[in-house]
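Peer 1: Contents are compact mmCIF, C-alpha atoms; file name entry05.txt:
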```txt
# COMPACT_ATOMS: atom_id res chain seq x y z
CA MET A 624 2.51 16.97 -14.26
CA ASN A 625 4.28 14.96 -16.92
CA ASP A 626 2.21 11.85 -17.65
CA ARG A 627 5.29 9.72 -18.17
CA VAL A 628 4.93 6.03 -18.91
CA GLU A 629 7.96 3.84 -18.40
CA ARG A 630 8.54 1.70 -21.47
CA THR A 631 9.00 -1.87 -20.36
CA PRO A 632 9.21 -4.89 -22.69
CA ASP A 633 6.01 -6.93 -22.75
CA ARG A 634 7.75 -10.07 -21.49
CA THR A 635 9.15 -8.13 -18.52
CA ARG A 636 5.72 -6.74 -17.70
CA VAL A 637 4.16 -10.20 -17.75
CA MET A 638 6.91 -11.57 -15.51
CA ASP A 639 6.50 -8.66 -13.11
CA VAL A 640 2.77 -9.41 -12.79
CA VAL A 641 3.54 -13.10 -12.23
CA TRP A 642 6.03 -12.19 -9.51
CA VAL A 643 3.57 -9.86 -7.80
CA ALA A 644 0.87 -12.55 -7.91
CA GLY A 645 3.23 -15.08 -6.38
CA LEU A 646 4.35 -12.73 -3.61
CA LEU A 647 0.72 -11.82 -2.91
CA ALA A 648 -0.28 -15.48 -2.69
CA LEU A 649 2.56 -16.35 -0.30
CA THR A 650 1.78 -13.34 1.90
CA MET A 651 -1.90 -14.26 2.08
CA VAL A 652 -1.03 -17.85 2.97
CA ALA A 653 1.25 -16.63 5.75
CA MET A 654 -1.35 -14.25 7.20
CA THR A 655 -4.10 -16.87 6.97
CA LEU A 656 -2.32 -19.93 8.32
CA LEU A 657 0.38 -18.46 10.57
CA PHE A 658 -1.14 -15.36 12.17
CA ALA A 659 -1.37 -17.20 15.50
CA GLN A 660 2.38 -17.85 15.26
CA PRO A 661 3.65 -14.29 14.72
CA ILE A 662 7.35 -15.20 14.49
CA ALA A 663 6.75 -17.81 11.79
CA CYS A 664 4.38 -15.47 9.97
CA THR A 665 6.93 -12.66 10.13
CA ALA A 666 9.66 -14.94 8.81
CA MET A 667 7.57 -16.02 5.82
CA ILE A 668 6.50 -12.48 4.89
CA ALA A 669 10.07 -11.24 5.40
CA LEU A 670 11.15 -13.97 2.98
CA CYS A 671 8.63 -12.59 0.49
CA ALA A 672 10.15 -9.13 0.96
CA LEU A 673 13.61 -10.56 0.29
CA LEU A 674 12.32 -12.33 -2.81
CA SER A 675 10.88 -9.03 -4.01
CA LEU A 676 14.38 -7.55 -3.74
CA HIS A 677 15.62 -10.27 -6.07
CA ARG A 678 13.18 -9.21 -8.79
CA PHE A 679 12.51 -5.54 -8.02
CA ARG A 680 15.74 -3.83 -7.00
CA THR A 681 15.93 -0.49 -8.78
CA PRO A 682 16.46 2.61 -6.61
CA SER A 683 12.78 3.50 -7.11
CA ASP A 684 11.70 0.08 -5.81
CA LEU A 685 13.94 0.48 -2.77
CA ARG A 686 12.60 3.95 -2.02
CA ALA A 687 9.02 2.70 -2.34
CA GLY A 688 9.70 -0.17 0.07
CA MET A 689 11.42 2.03 2.64
CA VAL A 690 8.67 4.65 2.48
CA GLY A 691 6.12 1.89 3.06
CA CYS A 692 8.04 0.49 6.05
CA VAL A 693 7.98 3.91 7.71
CA CYS A 694 4.62 5.41 6.77
CA GLY A 695 2.56 2.21 6.87
CA PRO A 696 3.22 1.22 10.50
CA LEU A 697 2.87 4.84 11.65
CA ALA A 698 -0.57 4.97 10.03
CA GLU A 699 -1.51 1.63 11.56
CA TRP A 700 -0.45 2.70 15.05
CA ALA A 701 -2.75 5.72 14.76
CA ALA A 702 -5.61 3.63 13.33
CA THR A 703 -5.40 0.78 15.85
CA GLY A 704 -5.09 3.34 18.64
CA ALA A 705 -8.36 4.88 17.43
CA GLY A 706 -10.00 1.43 17.35
CA LEU A 707 -10.52 1.18 13.58
CA TRP A 708 -9.18 -2.38 13.55
CA ARG A 709 -7.44 -4.81 15.87
CA TYR A 710 -4.95 -7.63 15.28
CA SER A 711 -5.55 -10.97 16.98
CA HIS A 712 -1.91 -11.36 18.06
CA PRO A 713 -0.30 -7.93 18.43
CA GLN A 714 3.32 -7.63 19.50
CA ILE A 715 4.54 -4.04 19.05
CA HIS A 716 2.07 -1.42 20.31
CA GLY A 717 -0.90 -3.18 18.76
CA LEU A 718 0.84 -4.42 15.60
CA PRO A 719 2.23 -7.86 14.79
CA MET A 720 5.85 -7.92 13.62
CA TRP A 721 4.75 -9.17 10.21
CA ALA A 722 3.10 -5.83 9.48
CA PHE A 723 6.54 -4.30 8.84
CA PRO A 724 7.67 -6.54 5.93
CA MET A 725 4.11 -6.45 4.64
CA TRP A 726 4.39 -2.67 4.34
CA TRP A 727 7.56 -3.11 2.32
CA LEU A 728 5.72 -5.34 -0.13
CA PHE A 729 2.60 -3.20 -0.63
CA PRO A 730 4.17 -0.14 -2.34
CA VAL A 731 6.78 -2.20 -4.22
CA CYS A 732 4.15 -4.56 -5.65
CA THR A 733 1.62 -1.84 -6.47
CA ARG A 734 4.37 0.22 -8.14
CA ARG A 735 5.32 -2.72 -10.35
CA LEU A 736 1.68 -3.46 -11.19
CA ALA A 737 1.16 0.18 -12.13
CA LEU A 738 4.23 0.08 -14.38
CA ALA A 739 3.02 -3.13 -16.00
CA PHE A 740 -0.43 -1.71 -16.76
CA GLY A 741 0.36 1.84 -17.76
CA GLY A 742 2.73 4.00 -15.75
CA GLU A 743 4.14 5.23 -12.48
CA PRO A 744 2.88 8.22 -10.46
CA ARG A 745 5.22 11.21 -10.36
CA GLU A 746 5.58 13.93 -7.77
CA SER A 747 7.69 17.07 -7.48
CA PHE A 748 6.39 18.42 -4.15
CA VAL A 749 7.31 16.14 -1.26
CA LEU A 750 4.85 17.67 1.22
CA ARG A 751 1.77 17.01 -0.90
CA PRO A 752 1.64 13.19 -0.50
CA LEU A 753 2.66 13.49 3.15
CA LEU A 754 -0.21 15.90 3.74
CA ALA A 755 -2.66 13.61 1.91
CA MET A 756 -1.66 10.55 3.93
CA GLY A 757 -1.63 12.41 7.23
CA LEU A 758 -5.03 14.02 6.70
CA GLU A 759 -6.50 10.72 5.54
CA ILE A 760 -5.46 8.95 8.73
CA LEU A 761 -6.71 11.80 10.92
CA TRP A 762 -10.03 11.81 9.07
CA LEU A 763 -10.46 8.05 9.38
CA CYS A 764 -9.55 8.08 13.06
CA GLU A 765 -12.25 10.70 13.61
CA TRP A 766 -15.05 9.29 11.41
CA GLY A 767 -14.09 5.75 10.36
CA ASN A 768 -16.16 4.05 13.07
CA GLY A 769 -18.80 6.64 13.83
CA SER A 770 -19.78 7.53 10.26
CA PRO A 771 -18.26 5.26 7.58
CA ALA A 772 -20.15 7.05 4.79
CA LEU A 773 -18.71 10.40 5.85
CA ALA A 774 -15.28 8.80 6.09
CA LEU A 775 -15.66 7.53 2.52
CA LEU A 776 -16.76 10.91 1.17
CA GLY A 777 -13.90 12.61 2.99
CA ILE A 778 -11.33 10.30 1.41
CA VAL A 779 -12.68 11.00 -2.08
CA ALA A 780 -12.72 14.74 -1.46
CA LEU A 781 -9.24 14.69 0.05
CA GLY A 782 -7.83 12.89 -2.96
CA GLY A 783 -9.34 15.46 -5.30
CA ILE A 784 -8.11 18.40 -3.26
CA CYS A 785 -4.55 17.12 -2.84
CA PHE A 786 -3.93 15.55 -6.24
CA GLY A 787 -6.63 16.77 -8.62
CA ARG A 788 -4.61 19.43 -10.44
CA SER A 789 -1.58 17.16 -10.88
CA TRP A 790 -3.49 13.98 -11.79
CA SER A 791 -2.29 11.77 -14.63
CA ARG A 792 -3.18 8.53 -16.38
CA ALA A 793 -0.43 6.81 -14.40
CA ASP A 794 -2.13 7.91 -11.17
CA THR A 795 -5.40 6.35 -12.30
CA VAL A 796 -3.68 3.04 -13.01
CA ALA A 797 -1.90 3.10 -9.65
CA LEU A 798 -5.12 4.12 -7.87
CA VAL A 799 -6.90 1.02 -9.16
CA CYS A 800 -3.94 -1.22 -8.31
CA CYS A 801 -3.69 0.08 -4.74
CA GLY A 802 -7.44 0.09 -4.15
CA CYS A 803 -7.83 -3.50 -5.35
CA LEU A 804 -4.65 -5.13 -4.05
CA GLY A 805 -5.06 -4.10 -0.40
CA PRO A 806 -8.62 -5.37 0.24
CA PHE A 807 -8.02 -8.47 -1.91
CA ALA A 808 -4.97 -9.41 0.16
CA GLU A 809 -6.94 -8.90 3.38
CA PHE A 810 -10.10 -10.82 2.54
CA ILE A 811 -9.07 -14.41 3.35
CA PRO A 812 -6.85 -13.55 6.40
CA LEU A 813 -9.71 -11.43 7.73
CA ARG A 814 -12.13 -14.34 7.46
CA ALA A 815 -9.56 -16.57 9.17
CA GLY A 816 -9.38 -14.21 12.16
CA ALA A 817 -5.97 -12.57 11.74
CA PHE A 818 -7.57 -9.18 12.47
CA HIS A 819 -10.99 -7.59 12.49
CA TYR A 820 -12.53 -4.18 11.82
CA ALA A 821 -14.79 -2.40 14.25
CA ARG A 822 -17.13 -1.57 11.35
CA GLY A 823 -17.19 -4.56 9.01
CA ASP A 824 -20.24 -3.57 6.97
CA LEU A 825 -19.08 -5.10 3.68
CA PHE A 826 -17.87 -8.71 3.97
CA GLY A 827 -16.27 -7.82 7.30
CA MET A 828 -14.60 -4.72 5.85
CA PRO A 829 -15.57 -1.05 6.22
CA ILE A 830 -16.90 0.69 3.11
CA TRP A 831 -14.00 3.14 3.15
CA LEU A 832 -11.30 0.44 3.00
CA ALA A 833 -10.75 0.24 -0.78
CA PRO A 834 -10.66 4.02 -1.35
CA GLY A 835 -8.56 4.31 1.80
CA TYR A 836 -5.99 1.90 0.39
CA ALA A 837 -6.16 3.70 -2.96
CA LEU A 838 -5.43 7.15 -1.55
CA PHE A 839 -2.80 5.97 0.92
CA GLY A 840 -1.13 3.89 -1.79
CA ILE A 841 -0.98 6.86 -4.16
CA GLY A 842 0.48 8.88 -1.30
CA LEU A 843 3.20 6.28 -0.72
CA LEU A 844 4.11 6.04 -4.40
CA ARG A 845 4.12 9.80 -4.91
CA PHE A 846 6.17 10.36 -1.77
CA ALA A 847 8.72 7.80 -2.95
CA ALA A 848 8.76 9.46 -6.39
CA ALA A 849 9.34 12.88 -4.83
CA LEU A 850 12.47 11.56 -3.13
CA ARG A 851 13.97 10.58 -6.48
CA PRO A 852 17.01 12.67 -7.53
CA ARG A 853 16.09 14.84 -10.50
CA ARG A 854 18.68 13.40 -12.84
CA GLN A 855 18.39 9.78 -11.78
CA GLU A 856 17.13 7.26 -14.31
CA ASP A 857 16.28 3.75 -13.05
```
Please express the file's structure as structure tokens.
Peer 2:
Amino acid sequence: MNDRVERTPDRTRVMDVVWVAGLLALTMVAMTLLFAQPIACTAMIALCALLSLHRFRTPSDLRAGMVGCVCGPLAEWAATGAGLWRYSHPQIHGLPMWAFPMWWLFPVCTRRLALAFGGEPRESFVLRPLLAMGLEILWLCEWGNGSPALALLGIVALGGICFGRSWSRADTVALVCCGCLGPFAEFIPLRAGAFHYARGDLFGMPIWLAPGYALFGIGLLRFAAALRPRRQED
């Protein structure tokens, strides 16, 4: 795979990181203070999503956000149905409404962080990231509670099998961004009681959470990249 790095002016990169940090902070405040008021929480996170559109509005950003809005809730419905975690105030089949704008923000923000620090994942085969995300969720639903260590090993192996031959430096950057951003954003809301994991072995979080976010995030970004028209330049 072409290890392409998008050339972005340094000032733009810094401002992108500042914007992502601000959106992350507002989202965490909403989840921490307003989770017991789902409508207010949804409104605040939806506002963050709208603010992200003001800054990040290329076709690639829009594809990443839409892919997140579809794949993220589907994965969460499967995971909450299997008992991996539970929200304190669910509204739509076990999910709060604010999960939907949150899943817009996650791939858009991680994409922009990856661009700021080194590159954007690329993908030419649309089924590969879909397969990786689908198998990850099935594996976690099967082993996430019963054997967290096996769940962790499975995620690592799955990532290598699905993406190993097409791996690039940009993927490594995005992997770190996705694996760090997700658990970091969850830590304070989790302690506040917005949701809880059935196996919270590490500060209330399962040991597979960070690699789970990393692999699922790479899947989202690669899936969005695979939907990009061949001749399109953002």
Peer 1: For region 713-720 of chain A, find every residue with an atom within 8 Å (counting only C-alpha atoms), except residues of its own chain fewer than 3 positions away, and show them as a PDB file with C-alpha atoms, in the coordinates of the input.
Peer 2:
```pdb
ATOM      1  CA  PRO A 661       3.650 -14.290  14.720  1.00  0.00           C
ATOM      2  CA  ILE A 662       7.350 -15.200  14.490  1.00  0.00           C
ATOM      3  CA  THR A 665       6.930 -12.660  10.130  1.00  0.00           C
ATOM      4  CA  PRO A 696       3.220   1.220  10.500  1.00  0.00           C
ATOM      5  CA  GLU A 699      -1.510   1.630  11.560  1.00  0.00           C
ATOM      6  CA  TRP A 700      -0.450   2.700  15.050  1.00  0.00           C
ATOM      7  CA  THR A 703      -5.400   0.780  15.850  1.00  0.00           C
ATOM      8  CA  GLY A 704      -5.090   3.340  18.640  1.00  0.00           C
ATOM      9  CA  ARG A 709      -7.440  -4.810  15.870  1.00  0.00           C
ATOM     10  CA  TYR A 710      -4.950  -7.630  15.280  1.00  0.00           C
ATOM     11  CA  PHE A 723       6.540  -4.300   8.840  1.00  0.00           C
TER      12      PHE A 723
END
```
Peer 1: Would you kindly return, as a list of chain:residue names, each protein, DNA or RNA residue with an atom no farther than 8 Å from any atom of region 771-788 of chain A, considering only C-alpha atoms and excluding same-chain residues fewer than 6 positions away?
Peer 2: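 After dropping sequence-adjacent residues, the list is A:Arg751, A:Pro752, A:Leu754, A:Ala755, A:Leu758, A:Glu759, A:Trp762, A:Leu763, A:Arg822, A:Pro829, A:Ile830, A:Trp831, A:Pro834, A:Gly835, A:Leu838.
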Peer 1: Calculate how many Å separate CA of Leu804 (chain A) from CA of Leu850 (chain A), rounding to one decimal.
Peer 2: 23.9 Å
Peer 1: Hey, which of A:Pro812, A:Ala644, A:Thr681, A:Thr650 ends up closest to Met667 (chain A)? Count only C-alpha atoms.
Peer 2: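 Between A:Pro812, A:Ala644, A:Thr681, A:Thr650, the residue approaching Met667 (chain A) most closely is A:Thr650.
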Peer 1: Using Å and a single decimal, report how far CA of Arg634 (chain A) sits from CA of Pro852 (chain A).
Peer 2: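 Computed distance, CA of Pro852 (chain A) to CA of Arg634 (chain A), equals 28.2 Å.
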Peer 1: Which neighbours of Trp727 (chain A) fall inside 12 Å, counting all atoms listed in the file, when residues of the same chain fewer than 5 positions from it are skipped, and could you give them as a JSON list (two decimals) with C-alpha atoms, in the frame of the given file?
Peer 2:
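To be explicit, this is the file written out as selection.json:
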```json
[["chain", "number", "residue", "atom", "x", "y", "z"],
["A", 646, "LEU", "CA", 4.35, -12.73, -3.61],
["A", 650, "THR", "CA", 1.78, -13.34, 1.90],
["A", 668, "ILE", "CA", 6.50, -12.48, 4.89],
["A", 669, "ALA", "CA", 10.07, -11.24, 5.40],
["A", 670, "LEU", "CA", 11.15, -13.97, 2.98],
["A", 671, "CYS", "CA", 8.63, -12.59, 0.49],
["A", 672, "ALA", "CA", 10.15, -9.13, 0.96],
["A", 673, "LEU", "CA", 13.61, -10.56, 0.29],
["A", 674, "LEU", "CA", 12.32, -12.33, -2.81],
["A", 675, "SER", "CA", 10.88, -9.03, -4.01],
["A", 676, "LEU", "CA", 14.38, -7.55, -3.74],
["A", 679, "PHE", "CA", 12.51, -5.54, -8.02],
["A", 684, "ASP", "CA", 11.70, 0.08, -5.81],
["A", 685, "LEU", "CA", 13.94, 0.48, -2.77],
["A", 686, "ARG", "CA", 12.60, 3.95, -2.02],
["A", 687, "ALA", "CA", 9.02, 2.70, -2.34],
["A", 688, "GLY", "CA", 9.70, -0.17, 0.07],
["A", 689, "MET", "CA", 11.42, 2.03, 2.64],
["A", 690, "VAL", "CA", 8.67, 4.65, 2.48],
["A", 691, "GLY", "CA", 6.12, 1.89, 3.06],
["A", 692, "CYS", "CA", 8.04, 0.49, 6.05],
["A", 693, "VAL", "CA", 7.98, 3.91, 7.71],
["A", 694, "CYS", "CA", 4.62, 5.41, 6.77],
["A", 695, "GLY", "CA", 2.56, 2.21, 6.87],
["A", 696, "PRO", "CA", 3.22, 1.22, 10.50],
["A", 721, "TRP", "CA", 4.75, -9.17, 10.21],
["A", 722, "ALA", "CA", 3.10, -5.83, 9.48],
["A", 732, "CYS", "CA", 4.15, -4.56, -5.65],
["A", 733, "THR", "CA", 1.62, -1.84, -6.47],
["A", 734, "ARG", "CA", 4.37, 0.22, -8.14],
["A", 840, "GLY", "CA", -1.13, 3.89, -1.79],
["A", 843, "LEU", "CA", 3.20, 6.28, -0.72],
["A", 844, "LEU", "CA", 4.11, 6.04, -4.40]]
```
Peer 1: What is the CA of Phe818 (chain A)-CA of Val640 (chain A) distance in Å, reported with one decimal?
Peer 2: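 Distance reported for this atom pair: 27.3 Å.
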Peer 1: Would you mind telling me which residue in A:Arg845, A:Glu809, A:Asp794, A:Ala739 lies nearest to Val652 (chain A) when using only C-alpha atoms?
Peer 2: A:Glu809
Peer 1: Quick one: of A:Trp642, A:Asp633, A:His819, A:Gly805, who's nearest to Gly741 (chain A), counting all atoms listed in the file?
Peer 2: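 Looking at the shortest contact to Gly741 (chain A), the residue is A:Asp633.
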Peer 1: Some atoms are missing, so please complete region 643-665 of chain A with N, CA, C and O atoms and return it as an mmCIF file, in the frame of the given file.
Peer 2:
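Output saved as rebuild-v8.cif:
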```cif
data_model
loop_
_atom_site.group_PDB
_atom_site.id
_atom_site.type_symbol
_atom_site.label_atom_id
_atom_site.label_comp_id
_atom_site.auth_asym_id
_atom_site.auth_seq_id
_atom_site.Cartn_x
_atom_site.Cartn_y
_atom_site.Cartn_z
ATOM 1 N N VAL A 643 4.452 -10.511 -8.780
ATOM 2 C CA VAL A 643 3.570 -9.860 -7.800
ATOM 3 C C VAL A 643 2.487 -10.830 -7.347
ATOM 4 O O VAL A 643 2.171 -10.917 -6.152
ATOM 5 N N ALA A 644 1.902 -11.571 -8.276
ATOM 6 C CA ALA A 644 0.870 -12.550 -7.910
ATOM 7 C C ALA A 644 1.417 -13.613 -6.976
ATOM 8 O O ALA A 644 0.757 -14.002 -5.998
ATOM 9 N N GLY A 645 2.628 -14.078 -7.249
ATOM 10 C CA GLY A 645 3.230 -15.080 -6.380
ATOM 11 C C GLY A 645 3.521 -14.547 -4.988
ATOM 12 O O GLY A 645 3.255 -15.222 -3.981
ATOM 13 N N LEU A 646 4.069 -13.343 -4.917
ATOM 14 C CA LEU A 646 4.350 -12.730 -3.610
ATOM 15 C C LEU A 646 3.057 -12.479 -2.840
ATOM 16 O O LEU A 646 2.996 -12.685 -1.617
ATOM 17 N N LEU A 647 2.013 -12.043 -3.552
ATOM 18 C CA LEU A 647 0.720 -11.820 -2.910
ATOM 19 C C LEU A 647 0.165 -13.119 -2.353
ATOM 20 O O LEU A 647 -0.326 -13.172 -1.215
ATOM 21 N N ALA A 648 0.244 -14.183 -3.137
ATOM 22 C CA ALA A 648 -0.280 -15.480 -2.690
ATOM 23 C C ALA A 648 0.459 -15.982 -1.458
ATOM 24 O O ALA A 648 -0.168 -16.442 -0.482
ATOM 25 N N LEU A 649 1.778 -15.895 -1.457
ATOM 26 C CA LEU A 649 2.560 -16.350 -0.300
ATOM 27 C C LEU A 649 2.249 -15.527 0.945
ATOM 28 O O LEU A 649 2.163 -16.065 2.055
ATOM 29 N N THR A 650 2.096 -14.217 0.757
ATOM 30 C CA THR A 650 1.780 -13.340 1.900
ATOM 31 C C THR A 650 0.414 -13.673 2.472
ATOM 32 O O THR A 650 0.226 -13.731 3.696
ATOM 33 N N MET A 651 -0.559 -13.906 1.606
ATOM 34 C CA MET A 651 -1.900 -14.260 2.080
ATOM 35 C C MET A 651 -1.901 -15.599 2.804
ATOM 36 O O MET A 651 -2.577 -15.759 3.828
ATOM 37 N N VAL A 652 -1.145 -16.553 2.292
ATOM 38 C CA VAL A 652 -1.030 -17.850 2.970
ATOM 39 C C VAL A 652 -0.434 -17.680 4.355
ATOM 40 O O VAL A 652 -0.923 -18.260 5.341
ATOM 41 N N ALA A 653 0.615 -16.858 4.448
ATOM 42 C CA ALA A 653 1.250 -16.630 5.750
ATOM 43 C C ALA A 653 0.286 -15.988 6.732
ATOM 44 O O ALA A 653 0.160 -16.434 7.885
ATOM 45 N N MET A 654 -0.422 -14.947 6.307
ATOM 46 C CA MET A 654 -1.350 -14.250 7.200
ATOM 47 C C MET A 654 -2.515 -15.143 7.603
ATOM 48 O O MET A 654 -3.035 -15.043 8.716
ATOM 49 N N THR A 655 -2.933 -16.018 6.696
ATOM 50 C CA THR A 655 -4.100 -16.870 6.970
ATOM 51 C C THR A 655 -3.763 -18.041 7.879
ATOM 52 O O THR A 655 -4.511 -18.356 8.816
ATOM 53 N N LEU A 656 -2.646 -18.691 7.610
ATOM 54 C CA LEU A 656 -2.320 -19.930 8.320
ATOM 55 C C LEU A 656 -1.401 -19.724 9.523
ATOM 56 O O LEU A 656 -1.379 -20.577 10.426
ATOM 57 N N LEU A 657 -0.653 -18.630 9.544
ATOM 58 C CA LEU A 657 0.380 -18.460 10.570
ATOM 59 C C LEU A 657 0.171 -17.248 11.472
ATOM 60 O O LEU A 657 1.054 -16.927 12.266
ATOM 61 N N PHE A 658 -0.974 -16.581 11.373
ATOM 62 C CA PHE A 658 -1.140 -15.360 12.170
ATOM 63 C C PHE A 658 -1.082 -15.642 13.671
ATOM 64 O O PHE A 658 -0.708 -14.764 14.458
ATOM 65 N N ALA A 659 -1.450 -16.852 14.078
ATOM 66 C CA ALA A 659 -1.370 -17.200 15.500
ATOM 67 C C ALA A 659 0.039 -17.551 15.938
ATOM 68 O O ALA A 659 0.291 -17.749 17.122
ATOM 69 N N GLN A 660 0.953 -17.629 14.984
ATOM 70 C CA GLN A 660 2.380 -17.850 15.260
ATOM 71 C C GLN A 660 3.146 -16.674 14.661
ATOM 72 O O GLN A 660 3.729 -16.799 13.581
ATOM 73 N N PRO A 661 3.141 -15.523 15.325
ATOM 74 C CA PRO A 661 3.650 -14.290 14.720
ATOM 75 C C PRO A 661 5.089 -14.376 14.220
ATOM 76 O O PRO A 661 5.426 -13.773 13.199
ATOM 77 N N ILE A 662 5.950 -15.117 14.927
ATOM 78 C CA ILE A 662 7.350 -15.200 14.490
ATOM 79 C C ILE A 662 7.447 -15.934 13.158
ATOM 80 O O ILE A 662 8.139 -15.495 12.230
ATOM 81 N N ALA A 663 6.744 -17.058 13.040
ATOM 82 C CA ALA A 663 6.750 -17.810 11.790
ATOM 83 C C ALA A 663 6.126 -17.000 10.664
ATOM 84 O O ALA A 663 6.618 -17.002 9.521
ATOM 85 N N CYS A 664 5.042 -16.303 10.978
ATOM 86 C CA CYS A 664 4.380 -15.470 9.970
ATOM 87 C C CYS A 664 5.308 -14.353 9.508
ATOM 88 O O CYS A 664 5.417 -14.076 8.308
ATOM 89 N N THR A 665 5.986 -13.730 10.473
ATOM 90 C CA THR A 665 6.930 -12.660 10.130
ATOM 91 C C THR A 665 8.055 -13.187 9.250
ATOM 92 O O THR A 665 8.456 -12.545 8.271
#
```
